file my_file-v8.txt (compact mmCIF, C-alpha atoms and all ligand atoms)
# COMPACT_ATOMS: atom_id res chain seq x y z
CA MET A 1 -3.18 -13.47 10.08
CA ASP A 2 -2.84 -9.69 9.95
CA ARG A 3 -5.72 -7.79 11.50
CA LEU A 4 -7.23 -4.34 11.30
CA LEU A 5 -9.40 -2.77 13.99
CA ARG A 6 -11.67 0.25 13.73
CA GLY A 7 -12.63 2.03 16.90
CA ILE A 8 -13.68 5.24 18.54
CA ASP A 9 -12.38 6.79 21.75
CA GLY A 10 -14.44 6.95 24.95
CA ALA A 11 -15.21 10.66 24.53
CA ARG A 12 -16.32 9.93 20.92
CA THR A 13 -14.10 12.61 19.42
CA VAL A 14 -11.49 10.46 17.64
CA ARG A 15 -11.85 7.72 15.06
CA VAL A 16 -8.98 5.23 15.16
CA VAL A 17 -7.82 2.50 12.79
CA THR A 18 -4.96 0.21 13.76
CA ALA A 19 -3.53 -2.52 11.57
CA VAL A 20 -0.82 -5.11 12.04
CA THR A 21 0.53 -5.69 8.52
CA THR A 22 3.62 -7.83 9.14
CA GLU A 23 2.47 -10.75 6.95
CA VAL A 24 1.17 -8.44 4.19
CA VAL A 25 4.47 -6.58 4.00
CA ARG A 26 6.59 -9.75 4.19
CA GLU A 27 4.61 -11.31 1.35
CA GLY A 28 4.89 -8.17 -0.79
CA CYS A 29 8.65 -8.02 -0.21
CA ARG A 30 9.04 -11.75 -0.89
CA ARG A 31 7.22 -11.48 -4.22
CA HIS A 32 9.22 -8.46 -5.36
CA GLY A 33 12.52 -9.56 -3.82
CA LEU A 34 12.82 -6.46 -1.60
CA ARG A 35 14.75 -5.94 1.59
CA GLY A 36 16.35 -3.05 3.44
CA VAL A 37 15.16 0.43 2.61
CA GLU A 38 13.01 -0.83 -0.30
CA ALA A 39 11.10 -3.06 2.11
CA VAL A 40 10.43 -0.03 4.33
CA ILE A 41 9.14 1.99 1.36
CA LEU A 42 6.81 -0.70 0.00
CA GLY A 43 5.79 -1.68 3.55
CA ARG A 44 4.77 1.84 4.55
CA ALA A 45 2.79 2.22 1.33
CA LEU A 46 1.00 -1.16 1.63
CA THR A 47 0.17 -0.42 5.27
CA ALA A 48 -1.19 3.02 4.36
CA GLY A 49 -3.41 1.42 1.72
CA CYS A 50 -4.82 -1.00 4.31
CA VAL A 51 -5.79 1.72 6.80
CA LEU A 52 -6.90 4.40 4.31
CA VAL A 53 -9.29 2.17 2.39
CA THR A 54 -11.37 1.82 5.57
CA LEU A 55 -12.62 5.41 5.45
CA THR A 56 -15.99 4.45 3.99
CA LYS A 57 -16.34 0.97 5.58
CA ASN A 58 -17.51 -0.41 2.27
CA ASP A 59 -16.23 -3.84 1.15
CA ASP A 60 -16.52 -2.81 -2.49
CA GLU A 61 -14.41 0.27 -2.05
CA ARG A 62 -11.08 0.39 -3.81
CA LEU A 63 -8.27 2.83 -3.14
CA ARG A 64 -5.26 3.39 -5.34
CA ILE A 65 -2.22 5.31 -4.13
CA SER A 66 0.26 6.52 -6.73
CA LEU A 67 3.27 8.39 -5.44
CA GLN A 68 5.63 9.59 -8.12
CA ALA A 69 8.64 11.53 -6.93
CA ASP A 70 12.20 12.10 -8.12
CA GLY A 71 13.94 9.36 -6.12
CA PRO A 72 15.59 6.23 -7.58
CA VAL A 73 12.70 3.83 -6.82
CA GLY A 74 10.35 5.79 -9.11
CA ARG A 75 6.62 5.39 -8.76
CA VAL A 76 5.21 3.67 -5.66
CA LEU A 77 1.86 2.02 -6.42
CA VAL A 78 -0.68 0.48 -4.05
CA ASP A 79 -4.14 -0.91 -4.75
CA ALA A 80 -6.21 -1.71 -1.63
CA ARG A 81 -9.73 -3.04 -1.30
CA GLY A 82 -12.32 -2.72 1.44
CA ASN A 83 -12.34 -6.51 1.89
CA GLY A 84 -8.72 -6.44 3.15
CA ASP A 85 -6.93 -7.39 -0.08
CA VAL A 86 -3.94 -5.20 -0.91
CA ARG A 87 -1.19 -5.30 -3.52
CA GLY A 88 1.58 -2.92 -4.47
CA CYS A 89 4.96 -2.40 -6.10
CA LEU A 90 7.87 -0.07 -6.68
CA GLU A 91 8.58 1.03 -10.25
CA ARG A 92 12.30 0.34 -9.95
CA THR A 93 14.49 -1.47 -7.49
CA LEU A 94 17.93 -0.33 -6.41
CA GLU A 95 20.91 -2.05 -8.01
CA VAL A 96 22.50 -2.51 -4.61
CA PRO A 97 20.13 -3.09 -1.67
CA VAL A 98 20.62 -0.47 1.03
CA ASP A 99 20.20 -1.14 4.72
CA PRO A 100 18.57 1.88 6.28
CA ALA A 101 20.25 3.80 9.05
CA THR A 102 19.99 2.09 12.40
CA SER A 103 17.64 4.71 13.83
CA LEU A 104 14.29 3.38 15.02
CA ARG A 105 12.49 5.06 12.18
CA PRO A 106 14.77 5.34 9.16
CA SER A 107 14.22 8.09 6.61
CA VAL A 108 13.39 6.83 3.11
CA ALA A 109 13.19 10.25 1.42
CA ASP A 110 16.57 9.92 -0.35
CA PHE A 111 15.15 6.89 -2.20
CA VAL A 112 11.55 8.05 -2.71
CA GLY A 113 12.39 11.67 -3.55
CA ARG A 114 11.15 14.96 -2.12
CA SER A 115 9.50 16.46 -5.16
CA GLY A 116 6.63 14.94 -7.06
CA ARG A 117 2.93 14.08 -7.05
CA LEU A 118 0.80 11.98 -4.76
CA VAL A 119 -2.51 10.88 -6.27
CA LEU A 120 -5.26 9.03 -4.40
CA THR A 121 -8.11 7.50 -6.36
CA ARG A 122 -11.14 6.13 -4.56
CA ASP A 123 -13.69 3.90 -6.30
CA VAL A 124 -16.70 3.83 -4.01
CA GLY A 125 -18.83 1.59 -6.20
CA LEU A 126 -21.57 2.52 -8.71
CA GLU A 127 -18.83 4.02 -10.89
CA ASN A 128 -18.30 6.86 -8.45
CA GLN A 129 -14.68 7.83 -8.50
CA TYR A 130 -13.00 10.49 -6.46
CA GLN A 131 -9.45 11.63 -7.03
CA GLY A 132 -7.25 13.95 -5.00
CA VAL A 133 -3.73 15.21 -5.64
CA VAL A 134 -1.08 16.85 -3.45
CA SER A 135 2.61 17.45 -3.96
CA VAL A 136 5.20 15.14 -2.42
CA GLU A 137 7.27 17.03 0.14
CA SER A 138 8.59 14.76 2.90
CA GLY A 139 9.24 11.65 0.78
CA GLU A 140 8.44 9.50 3.84
CA ILE A 141 5.18 8.06 2.41
CA ASP A 142 3.03 8.28 5.57
CA LEU A 143 3.79 11.95 6.29
CA ASP A 144 2.83 12.98 2.77
CA LEU A 145 -0.37 10.93 3.01
CA GLU A 146 -1.16 12.52 6.37
CA ARG A 147 -0.82 15.97 4.80
CA TYR A 148 -2.99 14.78 1.90
CA LEU A 149 -5.81 13.87 4.30
CA GLY A 150 -5.65 17.29 5.95
CA GLU A 151 -5.37 19.32 2.75
CA SER A 152 -7.30 17.40 0.13
CA GLU A 153 -9.91 15.55 2.18
CA GLN A 154 -10.07 18.21 4.94
CA LEU A 155 -9.84 15.60 7.71
CA PRO A 156 -7.52 16.54 10.60
CA SER A 157 -5.51 13.33 10.74
CA ALA A 158 -2.50 11.55 12.17
CA LEU A 159 -1.08 8.66 10.12
CA ALA A 160 1.92 6.55 11.05
CA CYS A 161 3.05 3.51 9.04
CA GLU A 162 6.07 1.70 10.42
CA VAL A 163 8.22 -1.16 9.15
CA VAL A 164 10.83 -2.49 11.56
CA LEU A 165 13.65 -4.55 10.00
CA ASP A 166 15.88 -7.18 11.55
CA ALA A 167 19.68 -7.08 11.36
CA GLN A 168 19.59 -8.73 7.90
CA GLY A 169 17.25 -6.07 6.49
CA GLU A 170 14.24 -8.41 6.44
CA VAL A 171 10.82 -7.35 7.73
CA LEU A 172 10.48 -8.01 11.45
CA ARG A 173 7.22 -6.17 12.06
CA ALA A 174 4.91 -3.74 10.28
CA ALA A 175 1.90 -1.78 11.48
CA GLY A 176 -0.10 1.35 10.85
CA ILE A 177 -2.28 3.74 12.83
CA LEU A 178 -4.73 6.33 11.53
CA CYS A 179 -6.48 8.79 13.86
CA GLN A 180 -9.02 11.38 12.77
CA THR A 181 -11.04 13.83 14.79
CA PHE A 182 -14.70 14.49 14.13
CA PRO A 183 -15.81 17.95 12.96
CA GLY A 184 -15.96 20.39 15.85
CA SER A 185 -13.28 18.65 17.95
CA GLU A 186 -10.50 20.66 19.56
CA SER A 187 -7.50 20.68 17.21
CA SER A 188 -5.22 20.13 20.22
CA THR A 189 -6.65 16.60 20.52
CA ILE A 190 -5.22 15.41 17.21
CA ASP A 191 -2.00 17.41 17.73
CA GLU A 192 -1.26 15.51 20.93
CA ILE A 193 -2.04 12.15 19.31
CA ARG A 194 0.09 13.01 16.27
CA ALA A 195 3.10 14.02 18.37
CA ASN A 196 2.94 10.68 20.17
CA MET A 197 2.54 8.65 16.96
CA HIS A 198 5.49 10.26 15.19
CA GLY A 199 8.02 9.85 17.99
CA ASP A 200 10.30 6.85 18.44
CA ALA A 201 7.77 5.17 20.75
CA LEU A 202 5.82 3.35 18.01
CA PRO A 203 8.77 1.67 16.23
CA ALA A 204 10.23 0.84 19.65
CA LEU A 205 6.92 -0.74 20.64
CA LEU A 206 6.90 -2.81 17.44
CA ARG A 207 10.24 -4.43 18.29
CA ALA A 208 8.05 -6.61 20.49
CA ASP A 209 5.07 -8.33 18.89
CA ARG A 210 2.03 -6.09 19.39
CA SER A 211 -1.60 -6.73 18.55
CA ALA A 212 -3.87 -4.23 16.79
CA ASP A 213 -5.71 -3.97 20.12
CA GLU A 214 -2.55 -2.88 21.97
CA LEU A 215 -1.90 -0.29 19.25
CA MET A 216 -5.37 1.19 19.94
CA GLY A 217 -4.33 1.92 23.53
CA PHE A 218 -1.07 3.44 22.30
CA ALA A 219 -2.84 5.66 19.74
CA LEU A 220 -5.35 6.95 22.28
CA LEU A 221 -2.64 7.69 24.86
CA GLY A 222 -3.93 4.96 27.14
CA ASP A 223 -7.64 5.78 26.86
CA ASP A 224 -10.27 3.11 26.40
CA TYR A 225 -11.88 2.62 23.04
CA GLU A 226 -15.06 1.16 21.67
CA LEU A 227 -14.61 -1.42 18.91
CA MET A 228 -16.53 -0.52 15.73
CA GLY A 229 -15.28 -3.27 13.44
CA GLU A 230 -12.44 -5.61 12.58
CA SER A 231 -11.20 -7.37 9.49
CA SER A 232 -8.33 -9.49 8.22
CA LEU A 233 -5.71 -8.29 5.75
CA ARG A 234 -3.76 -10.10 3.05
CA PHE A 235 -1.46 -9.39 0.13
CA ARG A 236 -3.52 -10.58 -2.81
CA CYS A 237 -3.40 -9.74 -6.48
CA THR A 238 -6.20 -9.96 -9.02
CA CYS A 239 -3.98 -11.09 -11.88
CA GLY A 240 -4.27 -14.47 -13.58
CA VAL A 241 -3.76 -16.25 -16.91
CA GLU A 242 -6.78 -14.52 -18.43
CA ARG A 243 -5.45 -11.07 -17.56
CA ALA A 244 -2.04 -12.03 -18.96
CA MET A 245 -3.72 -13.09 -22.22
CA ALA A 246 -5.65 -9.81 -22.28
CA VAL A 247 -2.35 -7.91 -22.03
CA VAL A 248 -0.87 -9.92 -24.90
CA SER A 249 -4.00 -9.40 -27.04
CA THR A 250 -3.33 -5.63 -27.11
CA LEU A 251 -0.32 -6.37 -29.34
CA GLY A 252 -2.57 -7.33 -32.25
CA ALA A 253 -2.73 -10.55 -34.29
CA ASP A 254 0.37 -9.93 -36.46
CA ASP A 255 2.72 -9.31 -33.56
CA ILE A 256 1.27 -12.20 -31.56
CA GLU A 257 1.93 -14.60 -34.45
CA ALA A 258 5.47 -13.28 -34.75
CA LEU A 259 5.92 -13.85 -31.01
CA ALA A 260 4.71 -17.45 -31.39
CA THR A 261 7.46 -18.24 -33.90
CA GLU A 262 10.24 -16.96 -31.62
CA PRO A 263 12.13 -19.60 -29.66
CA GLY A 264 10.94 -20.27 -26.12
CA ASP A 265 7.70 -19.43 -24.32
CA THR A 266 6.36 -15.92 -23.83
CA GLU A 267 6.43 -14.62 -20.27
CA VAL A 268 4.04 -11.98 -18.98
CA ARG A 269 4.91 -10.60 -15.58
CA CYS A 270 2.39 -8.83 -13.33
CA SER A 271 4.08 -5.68 -12.09
CA TYR A 272 1.79 -5.47 -9.02
CA CYS A 273 2.76 -8.82 -7.51
CA GLY A 274 5.73 -10.15 -9.53
CA GLN A 275 3.88 -13.28 -10.69
CA SER A 276 4.96 -14.52 -14.13
CA TYR A 277 2.62 -16.24 -16.58
CA THR A 278 3.99 -18.46 -19.29
CA ILE A 279 2.10 -18.47 -22.56
CA GLU A 280 2.97 -21.25 -24.97
CA PRO A 281 3.22 -20.80 -28.77
CA HIS A 282 0.03 -22.76 -29.53
CA ASP A 283 -1.95 -20.51 -27.14
CA LEU A 284 -0.53 -17.43 -28.86
CA LEU A 285 -1.56 -18.77 -32.28
CA ALA A 286 -5.06 -19.55 -30.98
CA LEU A 287 -5.29 -16.02 -29.56
CA ALA A 288 -4.16 -14.46 -32.86
CA ALA A 289 -6.71 -16.56 -34.77
CA ARG A 290 -9.48 -15.46 -32.40
CA LEU A 291 -8.54 -11.80 -32.77
CA ARG A 292 -8.64 -12.07 -36.59
CA LYS A 293 -12.03 -13.78 -36.44
CA GLU A 294 -13.43 -11.08 -34.12
CA ARG A 295 -12.16 -8.36 -36.45
CA SER A 296 -13.54 -9.89 -39.67
ZN ZN A 301 -0.43 -9.86 -9.92

call {"tool": "encode", "arguments": {"input": "my_file-v8.txt", "output": "structure tokens"}}
result
Amino acid sequence: MDRLLRGIDGARTVRVVTAVTTEVVREGCRRHGLRGVEAVILGRALTAGCVLVTLTKNDDERLRISLQADGPVGRVLVDARGNGDVRGCLERTLEVPVDPATSLRPSVADFVGRSGRLVLTRDVGLENQYQGVVSVESGEIDLDLERYLGESEQLPSALACEVVLDAQGEVLRAAGILCQTFPGSESSTIDEIRANMHGDALPALLRADRSADELMGFALLGDDYELMGESSLRFRCTCGVERAMAVVSTLGADDIEALATEPGDTEVRCSYCGQSYTIEPHDLLALAARLRKERS
């Protein structure tokens, strides 16, 4: 089971979140049929969702990341919840899967794009919603989110989300680290941590199986930390037959009846998780009849 740890350094100047997301990323890639560079893109985004939703430590919190740039994969969407559930997808997949360069940390910018918009929406319960927007510049997912935290949320931060692939382009390991300094801390503290997190050391470390606890020591340059909380993570979607029917009902009674007379069943696919729902003709007719009754 993937785990996330929240901690604070011994000097109480840095807040740290580490997450091992290997199972989450594998499941997301399995559902969407992704490998190679696409797996790295979705994996970095899912991992970022897991660590960034922890900022308020509220189980009801929900965070949505929407990154829309000019690369071939189109919009990258992630929806993460404070209870550890996360889901996400790419708008388009590449016609031919691409294995990323063999460097420890491959660049994904050619596929994500280097010009666009990154929007973060936080639901913090009680209908309070907060939204922030920055431009996409690096196209590497985590680096743009790191800049977002500094610019839009004014939190000096270091964010690294890594997906290490095996020789076949399948997900070997995935993990993320978020460090933030408290107001009044020396800016050199986060600069040193950031330089360490963005080198080749982290992906190299992940070639071996590492726990979230070991990643804490790495993030804090070997310093001790105090554990503030831990939770489990999973790829989980909120879709279901009822949601699929709700999508179909937006077509209106006439079109639903027409759909029922076409040969074969109607399939509704959830874009977030790839799950398909089959709706049979008699269910469509019942839905159309209900819609007419509600309208009359
Ligand atoms: Zn779904």

call {"tool": "closest_residue", "arguments": {"input": "my_file-v8.txt", "among": "A:Val86, A:Met228, A:Leu285, A:Val119", "to": "ligand ZN 301 (chain A)", "atoms": "all atoms listed in the file"}}
result
A:Val86

call {"tool": "atom_distance", "arguments": {"input": "my_file-v8.txt", "atom1": "CA of Leu42 (chain A)", "atom2": "CA of Glu267 (chain A)"}}
result
24.6 Å

call {"tool": "residues_near_ligand", "arguments": {"input": "my_file-v8.txt", "ligand": "ligand ZN 301 (chain A)", "cutoff": "6 Å", "atoms": "all atoms listed in the file", "output": "PyMOL selection string"}}
result
chain A and resi 237-239+270+272-273+275

call {"tool": "atom_distance", "arguments": {"input": "my_file-v8.txt", "atom1": "CA of Cys50 (chain A)", "atom2": "CA of Asp85 (chain A)"}}
result
8.0 Å

call {"tool": "closest_residue", "arguments": {"input": "my_file-v8.txt", "among": "A:Ala260, A:Leu155, A:Thr54, A:Leu178", "to": "Leu215 (chain A)", "atoms": "only C-alpha atoms"}}
result
A:Leu178

call {"tool": "decode", "arguments": {"input": "my_file-v8.txt", "residues": "region 52-178 of chain A", "atoms": "C-alpha atoms", "output": "short mmCIF file (atom, residue, chain, number, x, y, z; two decimals), in the first residue's frame"}}
result
data_model
loop_
_atom_site.label_atom_id
_atom_site.label_comp_id
_atom_site.auth_asym_id
_atom_site.auth_seq_id
_atom_site.Cartn_x
_atom_site.Cartn_y
_atom_site.Cartn_z
CA LEU A 52 -0.42 18.97 -2.54
CA VAL A 53 -3.83 18.02 -1.17
CA THR A 54 -2.23 17.63 2.28
CA LEU A 55 -1.68 21.37 2.72
CA THR A 56 -4.71 21.80 4.97
CA LYS A 57 -4.72 18.33 6.61
CA ASN A 58 -8.45 18.11 6.11
CA ASP A 59 -9.97 14.78 4.97
CA ASP A 60 -12.77 16.62 3.18
CA GLU A 61 -10.43 18.76 1.16
CA ARG A 62 -10.37 18.25 -2.57
CA LEU A 63 -7.74 19.53 -4.97
CA ARG A 64 -8.04 19.63 -8.73
CA ILE A 65 -5.04 20.24 -10.97
CA SER A 66 -5.68 21.19 -14.58
CA LEU A 67 -2.64 21.75 -16.74
CA GLN A 68 -3.42 22.73 -20.30
CA ALA A 69 -0.43 23.38 -22.52
CA ASP A 70 0.35 23.10 -26.23
CA GLY A 71 1.86 19.60 -26.25
CA PRO A 72 0.32 16.51 -27.91
CA VAL A 73 -1.13 14.99 -24.72
CA GLY A 74 -3.42 18.01 -24.22
CA ARG A 75 -4.92 18.68 -20.82
CA VAL A 76 -3.56 16.83 -17.78
CA LEU A 77 -6.23 16.46 -15.09
CA VAL A 78 -5.91 15.28 -11.49
CA ASP A 79 -8.50 15.17 -8.72
CA ALA A 80 -7.10 14.37 -5.25
CA ARG A 81 -8.84 14.12 -1.90
CA GLY A 82 -7.61 14.59 1.65
CA ASN A 83 -8.52 10.98 2.47
CA GLY A 84 -5.84 9.69 0.05
CA ASP A 85 -8.05 8.98 -2.98
CA VAL A 86 -6.67 10.29 -6.26
CA ARG A 87 -7.65 9.94 -9.91
CA GLY A 88 -6.40 11.53 -13.10
CA CYS A 89 -6.08 11.35 -16.87
CA LEU A 90 -4.48 12.78 -19.98
CA GLU A 91 -6.76 14.36 -22.58
CA ARG A 92 -5.09 12.54 -25.47
CA THR A 93 -2.69 9.67 -25.77
CA LEU A 94 0.13 9.46 -28.30
CA GLU A 95 -0.45 7.33 -31.37
CA VAL A 96 2.92 5.68 -30.89
CA PRO A 97 4.11 5.22 -27.30
CA VAL A 98 7.45 6.92 -26.72
CA ASP A 99 10.10 5.63 -24.37
CA PRO A 100 11.69 8.58 -22.65
CA ALA A 101 15.38 9.25 -22.93
CA THR A 102 17.47 7.02 -20.73
CA SER A 103 18.50 9.85 -18.41
CA LEU A 104 17.54 9.35 -14.78
CA ARG A 105 14.96 12.07 -14.96
CA PRO A 106 13.55 12.30 -18.49
CA SER A 107 12.12 15.58 -19.75
CA VAL A 108 8.42 15.41 -20.66
CA ALA A 109 8.08 19.01 -21.87
CA ASP A 110 8.00 18.08 -25.59
CA PHE A 111 4.82 16.10 -24.88
CA VAL A 112 3.18 18.36 -22.28
CA GLY A 113 4.08 21.66 -23.97
CA ARG A 114 5.83 24.77 -22.69
CA SER A 115 3.08 27.31 -23.09
CA GLY A 116 -0.30 27.18 -21.41
CA ARG A 117 -2.22 27.48 -18.15
CA LEU A 118 -1.97 25.68 -14.85
CA VAL A 119 -5.07 25.97 -12.67
CA LEU A 120 -5.36 24.66 -9.10
CA THR A 121 -8.77 24.53 -7.47
CA ARG A 122 -9.08 23.76 -3.78
CA ASP A 123 -12.41 22.84 -2.19
CA VAL A 124 -11.87 23.17 1.55
CA GLY A 125 -15.40 22.21 2.56
CA LEU A 126 -18.38 24.43 3.44
CA GLU A 127 -18.47 25.48 -0.22
CA ASN A 128 -15.25 27.43 0.16
CA GLN A 129 -13.36 27.26 -3.08
CA TYR A 130 -10.02 28.79 -3.85
CA GLN A 131 -8.53 28.91 -7.32
CA GLY A 132 -5.09 29.97 -8.48
CA VAL A 133 -3.62 30.22 -11.97
CA VAL A 134 -0.08 30.48 -13.33
CA SER A 135 1.34 30.04 -16.80
CA VAL A 136 2.99 26.79 -17.84
CA GLU A 137 6.67 27.36 -18.56
CA SER A 138 8.79 24.26 -17.92
CA GLY A 139 6.27 21.64 -19.09
CA GLU A 140 7.73 19.22 -16.52
CA ILE A 141 4.61 19.16 -14.27
CA ASP A 142 6.34 19.33 -10.87
CA LEU A 143 8.52 22.35 -11.70
CA ASP A 144 5.51 24.37 -12.85
CA LEU A 145 3.60 23.37 -9.72
CA GLU A 146 6.58 24.35 -7.57
CA ARG A 147 6.58 27.80 -9.18
CA TYR A 148 2.81 27.96 -8.66
CA LEU A 149 3.25 27.44 -4.91
CA GLY A 150 5.84 30.22 -4.71
CA GLU A 151 3.99 32.71 -6.90
CA SER A 152 0.31 32.07 -6.33
CA GLU A 153 0.23 30.69 -2.78
CA GLN A 154 3.35 32.61 -1.63
CA LEU A 155 4.87 29.52 -0.01
CA PRO A 156 8.61 29.07 -0.62
CA SER A 157 8.55 25.45 -1.77
CA ALA A 158 10.47 22.59 -3.30
CA LEU A 159 8.43 19.93 -5.12
CA ALA A 160 9.82 16.86 -6.85
CA CYS A 161 7.63 14.14 -8.37
CA GLU A 162 9.51 11.25 -9.94
CA VAL A 163 8.45 8.23 -11.97
CA VAL A 164 11.16 5.69 -12.74
CA LEU A 165 10.43 3.27 -15.61
CA ASP A 166 11.82 -0.18 -16.29
CA ALA A 167 13.38 -1.19 -19.62
CA GLN A 168 9.91 -1.94 -21.06
CA GLY A 169 8.60 1.54 -20.22
CA GLU A 170 6.43 0.27 -17.34
CA VAL A 171 6.33 2.00 -13.96
CA LEU A 172 9.05 0.69 -11.66
CA ARG A 173 8.72 3.24 -8.87
CA ALA A 174 7.04 6.57 -8.20
CA ALA A 175 7.36 9.04 -5.35
CA GLY A 176 7.00 12.68 -4.45
CA ILE A 177 8.48 15.12 -1.96
CA LEU A 178 7.19 18.54 -0.96
#
